[in-house]
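What follows is the content of structure.cif, which has mmCIF, N, CA and C atoms:
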```
data_protein
#
loop_
_atom_site.label_atom_id
_atom_site.label_comp_id
_atom_site.auth_asym_id
_atom_site.auth_seq_id
_atom_site.Cartn_x
_atom_site.Cartn_y
_atom_site.Cartn_z
N MET A 488 -49.03 26.90 0.14
CA MET A 488 -49.84 25.79 -0.37
C MET A 488 -49.63 25.60 -1.87
N VAL A 489 -49.37 26.70 -2.58
CA VAL A 489 -49.13 26.64 -4.02
C VAL A 489 -47.94 25.73 -4.32
N GLN A 490 -46.89 25.86 -3.52
CA GLN A 490 -45.68 25.05 -3.70
C GLN A 490 -45.99 23.57 -3.52
N VAL A 491 -46.81 23.25 -2.57
CA VAL A 491 -47.16 21.85 -2.31
C VAL A 491 -47.89 21.25 -3.50
N PHE A 492 -48.86 21.98 -4.05
CA PHE A 492 -49.59 21.47 -5.21
C PHE A 492 -48.70 21.34 -6.44
N GLU A 493 -47.79 22.29 -6.61
CA GLU A 493 -46.85 22.21 -7.73
C GLU A 493 -45.94 20.99 -7.56
N MET A 494 -45.48 20.75 -6.35
CA MET A 494 -44.65 19.59 -6.07
C MET A 494 -45.42 18.29 -6.33
N ILE A 495 -46.67 18.23 -5.91
CA ILE A 495 -47.47 17.03 -6.14
C ILE A 495 -47.64 16.78 -7.63
N MET A 496 -47.87 17.85 -8.41
CA MET A 496 -47.99 17.71 -9.86
C MET A 496 -46.70 17.13 -10.43
N LEU A 497 -45.56 17.66 -10.02
CA LEU A 497 -44.27 17.19 -10.53
C LEU A 497 -43.99 15.75 -10.11
N VAL A 498 -44.37 15.40 -8.91
CA VAL A 498 -44.19 14.02 -8.44
C VAL A 498 -45.06 13.07 -9.27
N CYS A 499 -46.30 13.46 -9.50
CA CYS A 499 -47.20 12.61 -10.29
C CYS A 499 -46.68 12.41 -11.71
N PHE A 500 -46.23 13.50 -12.35
CA PHE A 500 -45.65 13.36 -13.68
C PHE A 500 -44.38 12.53 -13.62
N GLY A 501 -43.56 12.80 -12.61
CA GLY A 501 -42.27 12.13 -12.48
C GLY A 501 -42.37 10.65 -12.20
N LEU A 502 -43.45 10.20 -11.58
CA LEU A 502 -43.59 8.78 -11.26
C LEU A 502 -43.70 7.90 -12.51
N SER A 503 -44.16 8.46 -13.59
CA SER A 503 -44.32 7.66 -14.81
C SER A 503 -42.99 7.39 -15.51
N TRP A 504 -42.00 8.25 -15.33
CA TRP A 504 -40.76 8.11 -16.10
C TRP A 504 -39.93 6.89 -15.72
N PRO A 505 -39.82 6.50 -14.46
CA PRO A 505 -39.05 5.28 -14.17
C PRO A 505 -39.63 4.06 -14.89
N PHE A 506 -40.96 3.99 -15.01
CA PHE A 506 -41.58 2.89 -15.73
C PHE A 506 -41.21 2.95 -17.21
N ASN A 507 -41.23 4.15 -17.76
CA ASN A 507 -40.88 4.33 -19.16
C ASN A 507 -39.40 3.99 -19.41
N ILE A 508 -38.54 4.39 -18.49
CA ILE A 508 -37.11 4.10 -18.60
C ILE A 508 -36.89 2.59 -18.55
N THR A 509 -37.55 1.92 -17.62
CA THR A 509 -37.43 0.46 -17.50
C THR A 509 -37.89 -0.21 -18.79
N LYS A 510 -38.99 0.25 -19.35
CA LYS A 510 -39.49 -0.32 -20.60
C LYS A 510 -38.49 -0.10 -21.74
N SER A 511 -37.88 1.08 -21.78
CA SER A 511 -36.89 1.37 -22.82
C SER A 511 -35.66 0.47 -22.69
N ILE A 512 -35.24 0.23 -21.48
CA ILE A 512 -34.08 -0.63 -21.25
C ILE A 512 -34.39 -2.06 -21.66
N ARG A 513 -35.55 -2.56 -21.23
CA ARG A 513 -35.90 -3.96 -21.49
C ARG A 513 -36.25 -4.23 -22.95
N SER A 514 -36.97 -3.31 -23.57
CA SER A 514 -37.45 -3.56 -24.93
C SER A 514 -36.35 -3.43 -25.97
N ARG A 515 -35.38 -2.55 -25.72
CA ARG A 515 -34.28 -2.31 -26.65
C ARG A 515 -34.79 -1.91 -28.04
N THR A 516 -35.91 -1.22 -28.08
CA THR A 516 -36.44 -0.70 -29.34
C THR A 516 -37.03 0.68 -29.09
N ALA A 517 -36.99 1.51 -30.13
CA ALA A 517 -37.56 2.86 -30.04
C ALA A 517 -38.93 2.92 -30.70
N LYS A 518 -39.43 1.78 -31.11
CA LYS A 518 -40.74 1.76 -31.76
C LYS A 518 -41.80 2.28 -30.78
N GLY A 519 -42.60 3.20 -31.27
CA GLY A 519 -43.64 3.78 -30.43
C GLY A 519 -43.17 4.96 -29.59
N LYS A 520 -41.90 5.32 -29.71
CA LYS A 520 -41.36 6.44 -28.92
C LYS A 520 -41.28 7.68 -29.81
N SER A 521 -41.47 8.84 -29.21
CA SER A 521 -41.39 10.09 -29.95
C SER A 521 -40.33 10.99 -29.32
N VAL A 522 -39.27 11.24 -30.09
CA VAL A 522 -38.22 12.14 -29.62
C VAL A 522 -38.79 13.54 -29.41
N LEU A 523 -39.62 13.98 -30.35
CA LEU A 523 -40.20 15.32 -30.25
C LEU A 523 -41.02 15.46 -28.96
N PHE A 524 -41.80 14.43 -28.62
CA PHE A 524 -42.59 14.46 -27.39
C PHE A 524 -41.69 14.63 -26.17
N GLU A 525 -40.63 13.86 -26.11
CA GLU A 525 -39.74 13.92 -24.94
C GLU A 525 -39.03 15.27 -24.87
N ILE A 526 -38.64 15.82 -26.02
CA ILE A 526 -38.01 17.13 -26.03
C ILE A 526 -38.99 18.20 -25.57
N MET A 527 -40.23 18.09 -26.01
CA MET A 527 -41.24 19.07 -25.59
C MET A 527 -41.48 19.00 -24.08
N ILE A 528 -41.45 17.80 -23.52
CA ILE A 528 -41.61 17.66 -22.07
C ILE A 528 -40.45 18.35 -21.35
N ILE A 529 -39.24 18.13 -21.83
CA ILE A 529 -38.06 18.77 -21.22
C ILE A 529 -38.18 20.29 -21.32
N ILE A 530 -38.58 20.79 -22.48
CA ILE A 530 -38.75 22.24 -22.65
C ILE A 530 -39.80 22.76 -21.67
N GLY A 531 -40.88 22.03 -21.50
CA GLY A 531 -41.91 22.43 -20.54
C GLY A 531 -41.36 22.53 -19.12
N TYR A 532 -40.59 21.53 -18.71
CA TYR A 532 -39.98 21.57 -17.38
C TYR A 532 -39.00 22.74 -17.27
N LEU A 533 -38.20 22.97 -18.32
CA LEU A 533 -37.25 24.09 -18.30
C LEU A 533 -37.98 25.43 -18.19
N CYS A 534 -39.13 25.54 -18.84
CA CYS A 534 -39.93 26.76 -18.71
C CYS A 534 -40.45 26.93 -17.28
N GLY A 535 -40.80 25.83 -16.64
CA GLY A 535 -41.20 25.88 -15.24
C GLY A 535 -40.07 26.37 -14.35
N VAL A 536 -38.86 25.88 -14.63
CA VAL A 536 -37.68 26.33 -13.88
C VAL A 536 -37.44 27.81 -14.14
N ALA A 537 -37.52 28.21 -15.41
CA ALA A 537 -37.31 29.62 -15.75
C ALA A 537 -38.33 30.51 -15.03
N GLY A 538 -39.57 30.07 -14.97
CA GLY A 538 -40.59 30.82 -14.26
C GLY A 538 -40.25 31.00 -12.79
N LYS A 539 -39.73 29.94 -12.20
CA LYS A 539 -39.32 30.01 -10.79
C LYS A 539 -38.18 31.01 -10.61
N LEU A 540 -37.19 30.94 -11.51
CA LEU A 540 -36.04 31.82 -11.39
C LEU A 540 -36.40 33.27 -11.67
N ILE A 541 -37.18 33.51 -12.72
CA ILE A 541 -37.58 34.88 -13.07
C ILE A 541 -38.45 35.48 -11.98
N GLY A 542 -39.33 34.68 -11.41
CA GLY A 542 -40.21 35.15 -10.35
C GLY A 542 -39.53 35.19 -8.99
N ASN A 543 -38.23 34.85 -8.97
CA ASN A 543 -37.47 34.81 -7.71
C ASN A 543 -38.19 33.98 -6.66
N ASN A 544 -38.72 32.84 -7.11
CA ASN A 544 -39.48 31.94 -6.25
C ASN A 544 -38.73 30.61 -6.15
N ILE A 545 -37.50 30.70 -5.71
CA ILE A 545 -36.62 29.52 -5.65
C ILE A 545 -36.92 28.77 -4.35
N THR A 546 -37.50 27.57 -4.51
CA THR A 546 -37.86 26.75 -3.36
C THR A 546 -37.44 25.30 -3.62
N TYR A 547 -37.76 24.43 -2.71
CA TYR A 547 -37.47 23.01 -2.82
C TYR A 547 -38.11 22.38 -4.07
N VAL A 548 -39.13 23.02 -4.62
CA VAL A 548 -39.82 22.49 -5.79
C VAL A 548 -38.86 22.39 -6.98
N LEU A 549 -37.85 23.25 -7.02
CA LEU A 549 -36.85 23.19 -8.10
C LEU A 549 -36.18 21.82 -8.15
N ALA A 550 -36.01 21.19 -7.02
CA ALA A 550 -35.39 19.85 -6.98
C ALA A 550 -36.25 18.84 -7.73
N PHE A 551 -37.56 18.99 -7.65
CA PHE A 551 -38.46 18.08 -8.37
C PHE A 551 -38.42 18.34 -9.87
N TYR A 552 -38.30 19.61 -10.25
CA TYR A 552 -38.11 19.92 -11.67
C TYR A 552 -36.82 19.27 -12.17
N ALA A 553 -35.75 19.42 -11.40
CA ALA A 553 -34.46 18.86 -11.80
C ALA A 553 -34.54 17.34 -11.93
N LEU A 554 -35.18 16.69 -10.98
CA LEU A 554 -35.33 15.24 -11.04
C LEU A 554 -36.13 14.82 -12.27
N ASP A 555 -37.22 15.50 -12.53
CA ASP A 555 -38.04 15.16 -13.70
C ASP A 555 -37.27 15.38 -15.00
N ILE A 556 -36.52 16.47 -15.08
CA ILE A 556 -35.70 16.72 -16.27
C ILE A 556 -34.68 15.61 -16.44
N LEU A 557 -34.06 15.18 -15.36
CA LEU A 557 -33.08 14.09 -15.40
C LEU A 557 -33.73 12.79 -15.89
N LEU A 558 -34.90 12.48 -15.39
CA LEU A 558 -35.59 11.25 -15.79
C LEU A 558 -35.97 11.27 -17.27
N VAL A 559 -36.54 12.39 -17.74
CA VAL A 559 -36.94 12.47 -19.14
C VAL A 559 -35.70 12.44 -20.04
N SER A 560 -34.63 13.10 -19.62
CA SER A 560 -33.39 13.10 -20.39
C SER A 560 -32.80 11.69 -20.48
N THR A 561 -32.90 10.94 -19.41
CA THR A 561 -32.43 9.55 -19.41
C THR A 561 -33.22 8.74 -20.43
N ASP A 562 -34.53 8.90 -20.42
CA ASP A 562 -35.36 8.17 -21.39
C ASP A 562 -35.07 8.63 -22.82
N LEU A 563 -34.79 9.91 -23.00
CA LEU A 563 -34.45 10.42 -24.33
C LEU A 563 -33.15 9.80 -24.84
N ILE A 564 -32.16 9.70 -23.97
CA ILE A 564 -30.88 9.06 -24.33
C ILE A 564 -31.12 7.60 -24.70
N LEU A 565 -31.95 6.92 -23.93
CA LEU A 565 -32.26 5.53 -24.23
C LEU A 565 -33.01 5.41 -25.56
N THR A 566 -33.84 6.38 -25.87
CA THR A 566 -34.55 6.36 -27.15
C THR A 566 -33.56 6.44 -28.31
N PHE A 567 -32.57 7.33 -28.19
CA PHE A 567 -31.55 7.42 -29.24
C PHE A 567 -30.74 6.13 -29.34
N ARG A 568 -30.40 5.55 -28.18
CA ARG A 568 -29.68 4.27 -28.19
C ARG A 568 -30.52 3.20 -28.88
N ASN A 569 -31.80 3.15 -28.52
CA ASN A 569 -32.68 2.13 -29.09
C ASN A 569 -32.92 2.34 -30.57
N ARG A 570 -32.94 3.59 -31.01
CA ARG A 570 -33.05 3.85 -32.46
C ARG A 570 -31.84 3.27 -33.18
N LYS A 571 -30.67 3.44 -32.59
CA LYS A 571 -29.45 2.88 -33.18
C LYS A 571 -29.55 1.37 -33.23
N LEU A 572 -30.00 0.76 -32.16
CA LEU A 572 -30.16 -0.69 -32.13
C LEU A 572 -31.18 -1.15 -33.18
N ASP A 573 -32.25 -0.39 -33.35
CA ASP A 573 -33.26 -0.71 -34.37
C ASP A 573 -32.63 -0.68 -35.76
N ARG A 574 -31.84 0.35 -36.03
CA ARG A 574 -31.18 0.46 -37.34
C ARG A 574 -30.22 -0.71 -37.57
N GLU A 575 -29.49 -1.08 -36.54
CA GLU A 575 -28.54 -2.20 -36.66
C GLU A 575 -29.28 -3.50 -36.95
N ARG A 576 -30.41 -3.72 -36.28
CA ARG A 576 -31.19 -4.94 -36.53
C ARG A 576 -31.77 -4.95 -37.94
N GLU A 577 -32.20 -3.79 -38.41
CA GLU A 577 -32.79 -3.70 -39.75
C GLU A 577 -31.76 -3.87 -40.86
N SER A 578 -30.50 -3.55 -40.58
CA SER A 578 -29.47 -3.64 -41.62
C SER A 578 -28.90 -5.04 -41.76
N VAL A 579 -29.23 -5.92 -40.87
CA VAL A 579 -28.71 -7.30 -40.92
C VAL A 579 -29.53 -8.14 -41.85
#
```

Show how you would write the structure in this file as structure tokens.
Amino acid sequence: MVQVFEMIMLVCFGLSWPFNITKSIRSRTAKGKSVLFEIMIIIGYLCGVAGKLIGNNITYVLAFYALDILLVSTDLILTFRNRKLDRERESV
């Protein structure tokens, strides 16, 4: 049952990232975004993965960690792209 609740938590957190990614793509600006926040989220997920590996508790839940890390990393890449676009707009 513990695995189910952990999976539900990861799914709930993970559901917000596609919306954030879509907003990043459409807005083409990094205003209001925090690189540090996104990095801290990734570190948190990596710590969850490490806990699973250290505890030898490798289950399907790892796939949800991987998906969430992928989603946050995608948004982080878009944030860097949008920062570049912001700088280009400001220099014109």

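With distances taken over all atoms listed in the file, A:Val548 is the one residue among A:Leu540, A:Leu533, A:Val548, A:Leu523 lying closest to A:Met494.
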
**OP:** Fewer than 5 positions away in the same chain doesn't count, so skip those; otherwise give me all residues within 6.5 Å of A:Tyr552, counting only N, CA and C atoms, as JSON, numbers by chain.
**Re:** {"A": [497, 532, 557]}

Counting only N, CA and C atoms, what are the residues of stretch 534-564 of chain A within 8 Å of stretch 498-507 of chain A, and for each of them which pair of atoms is the nearest and at what distance in Å, to one decimal? Sort the table by chain and rising number, as a Markdown table.
```
| residue | atom | partner | partner_atom | distance |
| --- | --- | --- | --- | --- |
| A:Phe551 | CA | A:Val498 | N | 6.5 |
| A:Tyr552 | N | A:Val498 | N | 7.5 |
| A:Leu554 | C | A:Gly501 | CA | 6.7 |
| A:Asp555 | CA | A:Gly501 | CA | 5.3 |
| A:Ile556 | N | A:Gly501 | CA | 7.7 |
| A:Leu558 | C | A:Trp504 | CA | 5.9 |
| A:Val559 | N | A:Trp504 | CA | 6.2 |
| A:Thr561 | C | A:Asn507 | C | 7.9 |
| A:Asp562 | CA | A:Asn507 | C | 6.1 |
```

Subject >> Residue members of the PyMOL selection byres ((chain A and resi 518) around 8) in the file shown, as a ChimeraX atom specification >> reply: /A:514-517,519-521,566,569-570,573

**OP:** Apply DSSP to the backbone of this structure and, from chain A, keep only the residues in helix (DSSP H, G or I); write these as a count of residues only.
**Re:** 77
